[in-house]
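For reference, the structure discussed in these notes is given below.
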Amino acid sequence: MSEAGIDTGTDMGRPAAVLVGVGAAVPPTLVTNEALAAVLETSDDWIRSRTGIRQRHVAGTGTTTADLAVAAGAEALRVAGTTRVDMVVLATTTPDRRCPATAPSVAARLGLGPVPAFDISAVCTGFVYALGVASAAVVAGMAGSVLVIGAERFTSIVDPTDRDTAVIFGDGAGAVVLRAGRSDEPGALLGFDLGSDGTGEELITVPPGSPAGGDGWFRMDGRRVFREAVRHMAGSTRRVLDHVGWPADSVQHLVGHQANVRILHMLAAELGVPEECVVVHLDRVGNTSAASIPLALADLARSDGVARDDRVVLTAFGGGLTWGSTALAWPGIQCRAG
Amino acid sequence: MNDVLDSMQRFLQSRACGFDGIAGDGGGDLGPDVTLGSLDIDSLVLVELAVAMERQFGVTVEAGDLRADQTIDEAAALVAARRAGR
């Protein structure tokens, strides 16, 4: 600390939000590529070669986004060793109702009391946006701890007869617990890069006002989305790495939005991050939009492939257009299924 | 121009399994007059090619700039012209 009492960042670091728990939930119904090929004009080979996806989990009509969020949130709280937080932030594109938000219901079902709870909508970037907002609340002293969830029933907005989109998306939820700490602790979120470009809103959209009265099905311009995803995740990651002071080739786990394995490999090549450092989870769950990064983090935490202090970068791109990135040294949390 | 053409041919060679008329020869000699659409590649390869050209030559190449009806030579000329115009 300086004489004026201002933290100079030279001793114990600066105030930061620290990741202390992670959890995940997917609905039990598994849909393989072969099962899709039985009802759509597609094949396992076509889907795997173009996306890297082998299977996805799909919520039935009896499972809500809140159900998935509660399950993932409960695990994250258990791993963090706590039963209370000061705030709940839930990223979703598929809330259970247009009004109210899904987060208050999730907070109530988790027994968290009258904490502030709200949704964030930034499509596939939603979880990183939510982490940014939660981190800011912690650093500002507004909350000592926050439960951050990404949860989707994305298949509810995808046309099941459209082979271009129906093969890509799945349902699920992932969650993390952040608490107030210092930037020199493993798990501290070390910086954020968040951005948007609304001129690209038509690239990824649920068009409003279909003739039937409700919204139409989700649609996207796959080739342009591929191009913009690589461009914006690479730019955003570079800005975060510059801020943190890490060379790209020192990143040990690149956790990109799990949309398409070929996007992730092009991103790694663009950044100069070794391909073996790319975290791939989409093969088992498909693209789960706002849930994809916390689901991949939970999978990483369950694996033997990550160690305390490993350098981890999270980067996402989605509808809006939106993008966002953050970096942390792995906190060494262990997460076991069950 | 030649370095762009060489780089483009190498990238396509790494992705192609053969192309119309010379099936199964592992891509063979991807001559400059071969159209991108005749190669045995899926549609995402042209987007990946755009990303690779942008990274290597520092030019902006959009997803729709490289098209199936272009020859490899025409596609390379487009990238080379962008580079010359910087």
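We label chains A, B, ... in the order they appear in the structure tokens, count residues from 1 in each chain, and number ligands from 1 in the order shown.
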
Which chain A residues are at most 9 Å from chain B (counting only C-alpha atoms), as JSON, numbers by chain? {"A": [50, 222, 223, 224, 225, 226, 227, 228, 230, 231, 262, 263, 266, 269, 270]}

Got a sec to tell me which of segment 118-227 of chain A DSSP assigns to helix (DSSP H, G or I), as number ranges by chain? A: 123-139, 154-157, 163-166, 198-200, 222-227

Selected residues written out, N, CA and C atoms, as a tab-separated table (two decimals), in the first residue's frame:
chain	number	residue	atom	x	y	z
A	123	VAL	N	-26.37	-13.89	-25.76
A	123	VAL	CA	-26.30	-15.13	-26.53
A	123	VAL	C	-25.06	-15.94	-26.10
A	124	CYS	N	-24.23	-16.36	-27.03
A	124	CYS	CA	-23.13	-17.26	-26.67
A	124	CYS	C	-22.03	-16.57	-25.86
A	125	THR	N	-22.02	-15.23	-25.84
A	125	THR	CA	-21.05	-14.50	-25.02
A	125	THR	C	-21.61	-14.26	-23.62
A	126	GLY	N	-22.85	-14.65	-23.37
A	126	GLY	CA	-23.54	-14.29	-22.14
A	126	GLY	C	-22.78	-14.62	-20.87
A	127	PHE	N	-22.15	-15.79	-20.81
A	127	PHE	CA	-21.47	-16.17	-19.56
A	127	PHE	C	-20.28	-15.26	-19.29
A	128	VAL	N	-19.52	-14.91	-20.32
A	128	VAL	CA	-18.35	-14.04	-20.09
A	128	VAL	C	-18.82	-12.62	-19.71
A	129	TYR	N	-19.90	-12.15	-20.34
A	129	TYR	CA	-20.49	-10.87	-19.92
A	129	TYR	C	-20.90	-10.95	-18.44
A	130	ALA	N	-21.57	-12.05	-18.07
A	130	ALA	CA	-22.03	-12.22	-16.68
A	130	ALA	C	-20.85	-12.24	-15.72
A	131	LEU	N	-19.77	-12.93	-16.11
A	131	LEU	CA	-18.56	-12.94	-15.27
A	131	LEU	C	-18.02	-11.52	-15.11
A	132	GLY	N	-18.05	-10.73	-16.19
A	132	GLY	CA	-17.54	-9.37	-16.14
A	132	GLY	C	-18.35	-8.51	-15.18
A	133	VAL	N	-19.67	-8.61	-15.27
A	133	VAL	CA	-20.55	-7.84	-14.38
A	133	VAL	C	-20.38	-8.29	-12.93
A	134	ALA	N	-20.34	-9.60	-12.72
A	134	ALA	CA	-20.17	-10.13	-11.36
A	134	ALA	C	-18.83	-9.73	-10.78
A	135	SER	N	-17.79	-9.80	-11.60
A	135	SER	CA	-16.45	-9.43	-11.15
A	135	SER	C	-16.42	-7.95	-10.75
A	136	ALA	N	-17.07	-7.11	-11.55
A	136	ALA	CA	-17.12	-5.67	-11.25
A	136	ALA	C	-17.86	-5.43	-9.93
A	137	ALA	N	-18.94	-6.18	-9.70
A	137	ALA	CA	-19.71	-6.01	-8.46
A	137	ALA	C	-18.85	-6.38	-7.25
A	138	VAL	N	-18.05	-7.44	-7.40
A	138	VAL	CA	-17.17	-7.87	-6.30
A	138	VAL	C	-16.07	-6.82	-6.06
A	139	VAL	N	-15.43	-6.38	-7.12
A	139	VAL	CA	-14.32	-5.42	-6.97
A	139	VAL	C	-14.83	-4.09	-6.41
A	154	PHE	N	-31.53	-24.38	-25.38
A	154	PHE	CA	-31.40	-23.75	-26.70
A	154	PHE	C	-32.20	-24.48	-27.76
A	155	THR	N	-32.40	-25.79	-27.56
A	155	THR	CA	-33.14	-26.54	-28.57
A	155	THR	C	-34.60	-26.06	-28.67
A	156	SER	N	-35.05	-25.30	-27.66
A	156	SER	CA	-36.44	-24.81	-27.71
A	156	SER	C	-36.64	-23.73	-28.77
A	157	ILE	N	-35.54	-23.13	-29.26
A	157	ILE	CA	-35.69	-22.08	-30.30
A	157	ILE	C	-35.12	-22.51	-31.65
A	163	ARG	N	-31.57	-28.92	-40.88
A	163	ARG	CA	-30.35	-29.71	-40.65
A	163	ARG	C	-29.13	-28.82	-40.40
A	164	ASP	N	-29.17	-27.56	-40.81
A	164	ASP	CA	-28.02	-26.68	-40.58
A	164	ASP	C	-27.86	-26.28	-39.13
A	165	THR	N	-28.98	-26.12	-38.40
A	165	THR	CA	-28.88	-25.70	-37.00
A	165	THR	C	-29.22	-26.82	-36.02
A	166	ALA	N	-30.12	-27.73	-36.41
A	166	ALA	CA	-30.57	-28.75	-35.46
A	166	ALA	C	-29.44	-29.67	-35.02
A	198	GLY	N	-23.42	-4.12	-33.14
A	198	GLY	CA	-24.83	-4.34	-33.50
A	198	GLY	C	-25.11	-4.28	-34.98
A	199	THR	N	-24.15	-3.85	-35.78
A	199	THR	CA	-24.39	-3.87	-37.23
A	199	THR	C	-24.47	-5.30	-37.75
A	200	GLY	N	-24.03	-6.25	-36.91
A	200	GLY	CA	-24.08	-7.66	-37.32
A	200	GLY	C	-25.25	-8.41	-36.71
A	222	GLY	N	-23.95	-19.25	-41.26
A	222	GLY	CA	-22.85	-20.06	-40.75
A	222	GLY	C	-21.46	-19.63	-41.20
A	223	ARG	N	-21.29	-19.35	-42.50
A	223	ARG	CA	-19.95	-19.02	-42.99
A	223	ARG	C	-19.46	-17.69	-42.45
A	224	ARG	N	-20.35	-16.69	-42.43
A	224	ARG	CA	-19.92	-15.38	-41.92
A	224	ARG	C	-19.71	-15.43	-40.40
A	225	VAL	N	-20.54	-16.23	-39.71
A	225	VAL	CA	-20.37	-16.38	-38.26
A	225	VAL	C	-19.01	-17.02	-37.97
A	226	PHE	N	-18.64	-18.03	-38.74
A	226	PHE	CA	-17.33	-18.69	-38.58
A	226	PHE	C	-16.22	-17.65	-38.69
A	227	ARG	N	-16.30	-16.84	-39.74
A	227	ARG	CA	-15.26	-15.83	-39.99
A	227	ARG	C	-15.19	-14.81	-38.84

Report as a VMD selection string all protein, DNA and RNA residues lying within 9 Å of Val313 of chain A, evaluated on only C-alpha atoms, omitting residues in the same chain fewer than 2 positions from it. chain A and resid 237 240 to 241 251 to 256 311 315 325 to 329

Residues from the last selection, N, CA, C and O atoms, saved as a PDB file, in the first residue's frame:
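Final output, saved to again-v4.pdb:
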ATOM      1  N   THR A 237      -9.031 -11.970 -27.262  1.00  0.00           N
ATOM      2  CA  THR A 237      -8.031 -12.711 -26.484  1.00  0.00           C
ATOM      3  C   THR A 237      -6.699 -11.953 -26.461  1.00  0.00           C
ATOM      4  O   THR A 237      -6.060 -11.844 -25.403  1.00  0.00           O
ATOM      5  N   VAL A 240      -6.882  -9.115 -23.941  1.00  0.00           N
ATOM      6  CA  VAL A 240      -6.798  -9.576 -22.556  1.00  0.00           C
ATOM      7  C   VAL A 240      -5.372 -10.021 -22.218  1.00  0.00           C
ATOM      8  O   VAL A 240      -4.856  -9.716 -21.145  1.00  0.00           O
ATOM      9  N   LEU A 241      -4.742 -10.731 -23.141  1.00  0.00           N
ATOM     10  CA  LEU A 241      -3.364 -11.185 -22.885  1.00  0.00           C
ATOM     11  C   LEU A 241      -2.420  -9.991 -22.745  1.00  0.00           C
ATOM     12  O   LEU A 241      -1.519 -10.000 -21.893  1.00  0.00           O
ATOM     13  N   VAL A 251      -0.167 -19.631 -22.759  1.00  0.00           N
ATOM     14  CA  VAL A 251      -1.512 -20.066 -22.357  1.00  0.00           C
ATOM     15  C   VAL A 251      -1.561 -21.595 -22.386  1.00  0.00           C
ATOM     16  O   VAL A 251      -1.200 -22.225 -23.374  1.00  0.00           O
ATOM     17  N   GLN A 252      -2.019 -22.197 -21.278  1.00  0.00           N
ATOM     18  CA  GLN A 252      -2.031 -23.660 -21.200  1.00  0.00           C
ATOM     19  C   GLN A 252      -3.400 -24.269 -21.501  1.00  0.00           C
ATOM     20  O   GLN A 252      -3.496 -25.445 -21.849  1.00  0.00           O
ATOM     21  N   HIS A 253      -4.466 -23.475 -21.303  1.00  0.00           N
ATOM     22  CA  HIS A 253      -5.822 -23.961 -21.585  1.00  0.00           C
ATOM     23  C   HIS A 253      -6.612 -22.828 -22.228  1.00  0.00           C
ATOM     24  O   HIS A 253      -6.947 -21.852 -21.550  1.00  0.00           O
ATOM     25  N   LEU A 254      -6.881 -22.966 -23.509  1.00  0.00           N
ATOM     26  CA  LEU A 254      -7.672 -21.961 -24.233  1.00  0.00           C
ATOM     27  C   LEU A 254      -9.117 -22.464 -24.267  1.00  0.00           C
ATOM     28  O   LEU A 254      -9.437 -23.409 -24.991  1.00  0.00           O
ATOM     29  N   VAL A 255      -9.961 -21.842 -23.433  1.00  0.00           N
ATOM     30  CA  VAL A 255     -11.359 -22.264 -23.332  1.00  0.00           C
ATOM     31  C   VAL A 255     -12.200 -21.307 -24.171  1.00  0.00           C
ATOM     32  O   VAL A 255     -12.670 -20.278 -23.692  1.00  0.00           O
ATOM     33  N   GLY A 256     -12.350 -21.645 -25.451  1.00  0.00           N
ATOM     34  CA  GLY A 256     -13.163 -20.827 -26.346  1.00  0.00           C
ATOM     35  C   GLY A 256     -14.611 -21.282 -26.324  1.00  0.00           C
ATOM     36  O   GLY A 256     -14.906 -22.418 -25.911  1.00  0.00           O
ATOM     37  N   ARG A 311      -2.214 -21.442 -16.681  1.00  0.00           N
ATOM     38  CA  ARG A 311      -2.788 -20.234 -17.291  1.00  0.00           C
ATOM     39  C   ARG A 311      -3.984 -20.583 -18.182  1.00  0.00           C
ATOM     40  O   ARG A 311      -3.839 -21.362 -19.126  1.00  0.00           O
ATOM     41  N   THR A 315     -12.684 -17.251 -23.793  1.00  0.00           N
ATOM     42  CA  THR A 315     -13.048 -16.290 -24.837  1.00  0.00           C
ATOM     43  C   THR A 315     -14.310 -16.759 -25.542  1.00  0.00           C
ATOM     44  O   THR A 315     -14.476 -17.951 -25.816  1.00  0.00           O
ATOM     45  N   SER A 325     -13.626 -11.788 -23.285  1.00  0.00           N
ATOM     46  CA  SER A 325     -12.547 -12.675 -22.835  1.00  0.00           C
ATOM     47  C   SER A 325     -12.119 -12.299 -21.431  1.00  0.00           C
ATOM     48  O   SER A 325     -12.242 -11.142 -21.012  1.00  0.00           O
ATOM     49  N   THR A 326     -11.585 -13.288 -20.712  1.00  0.00           N
ATOM     50  CA  THR A 326     -10.955 -13.038 -19.423  1.00  0.00           C
ATOM     51  C   THR A 326      -9.857 -14.079 -19.216  1.00  0.00           C
ATOM     52  O   THR A 326      -9.761 -15.035 -19.984  1.00  0.00           O
ATOM     53  N   ALA A 327      -9.026 -13.858 -18.206  1.00  0.00           N
ATOM     54  CA  ALA A 327      -7.890 -14.754 -17.947  1.00  0.00           C
ATOM     55  C   ALA A 327      -7.778 -14.999 -16.456  1.00  0.00           C
ATOM     56  O   ALA A 327      -8.086 -14.122 -15.641  1.00  0.00           O
ATOM     57  N   LEU A 328      -7.335 -16.209 -16.115  1.00  0.00           N
ATOM     58  CA  LEU A 328      -7.115 -16.556 -14.709  1.00  0.00           C
ATOM     59  C   LEU A 328      -6.055 -17.642 -14.597  1.00  0.00           C
ATOM     60  O   LEU A 328      -5.860 -18.422 -15.537  1.00  0.00           O
ATOM     61  N   ALA A 329      -5.381 -17.656 -13.459  1.00  0.00           N
ATOM     62  CA  ALA A 329      -4.538 -18.799 -13.126  1.00  0.00           C
ATOM     63  C   ALA A 329      -5.441 -19.812 -12.433  1.00  0.00           C
ATOM     64  O   ALA A 329      -6.225 -19.442 -11.548  1.00  0.00           O
TER      65      ALA A 329
END

Just list the residues in chain B DSSP gives strand (DSSP E or B) on the backbone, as a list in words.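 Across chain B, those assigned strand (DSSP E or B) are Phe19, Ile22, Thr35, Leu39 and Thr71 of chain B.
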
Emit the selected residues as a JSON list (two decimals), in the first residue's frame, including N, CA and C atoms.
[["chain", "number", "residue", "atom", "x", "y", "z"],
["B", 19, "PHE", "N", -9.71, -34.03, -56.30],
["B", 19, "PHE", "CA", -10.71, -33.15, -56.89],
["B", 19, "PHE", "C", -11.23, -33.76, -58.18],
["B", 22, "ILE", "N", -9.62, -36.17, -60.98],
["B", 22, "ILE", "CA", -8.41, -36.83, -60.51],
["B", 22, "ILE", "C", -8.68, -37.35, -59.10],
["B", 35, "THR", "N", -10.81, -24.49, -60.42],
["B", 35, "THR", "CA", -11.73, -23.66, -59.64],
["B", 35, "THR", "C", -11.84, -24.21, -58.21],
["B", 39, "LEU", "N", -12.73, -28.52, -56.13],
["B", 39, "LEU", "CA", -11.89, -29.26, -55.19],
["B", 39, "LEU", "C", -12.75, -30.09, -54.24],
["B", 71, "THR", "N", -11.06, -19.40, -59.85],
["B", 71, "THR", "CA", -9.91, -20.29, -59.94],
["B", 71, "THR", "C", -8.95, -19.94, -58.79]]

Of the listed residues B:Val4, B:Val59, B:Leu36, B:Ala68, that which approaches Arg82 of chain B most closely, counting only C-alpha atoms: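 With only C-alpha atoms as the atom set, the closest residue is B:Val59.
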
Calculate how many Å separate atom CA of Ile333 of chain A from atom CA of Arg84 of chain A, rounding to one decimal.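 Between these atoms lies a distance of 18.3 Å.
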
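Note that atom CA of Leu110 of chain A and atom CA of Asp299 of chain A are 22.5 Å apart.
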
Compile the contact shell of Gly85 of chain B as a list in words: residues with an atom at most 12 Å away, counting only C-alpha atoms, same-chain residues fewer than 3 positions apart removed. Gly58, Val59, Thr60, Leu78, Val79, Ala80, Ala81 and Arg82 of chain B

Which of these residues is nearest to Thr205 of chain A, using only C-alpha atoms: A:Pro114, A:Gly73, A:Gly319, A:Pro186? A:Gly319

Selection: 10 Å around Gly318 of chain A, only C-alpha atoms, excl. self and same-chain fewer than 4 positions, as a PyMOL selection string: chain A and resi 122-126+196+201+203-204+225+228-229+232-233+257+259+289-290+322-324

Just the number, please: distance in Å from atom CA of Gly111 of chain A to atom CA of Gly81 of chain A, one decimal.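 That distance, rounded to one decimal, is 14.9 Å.
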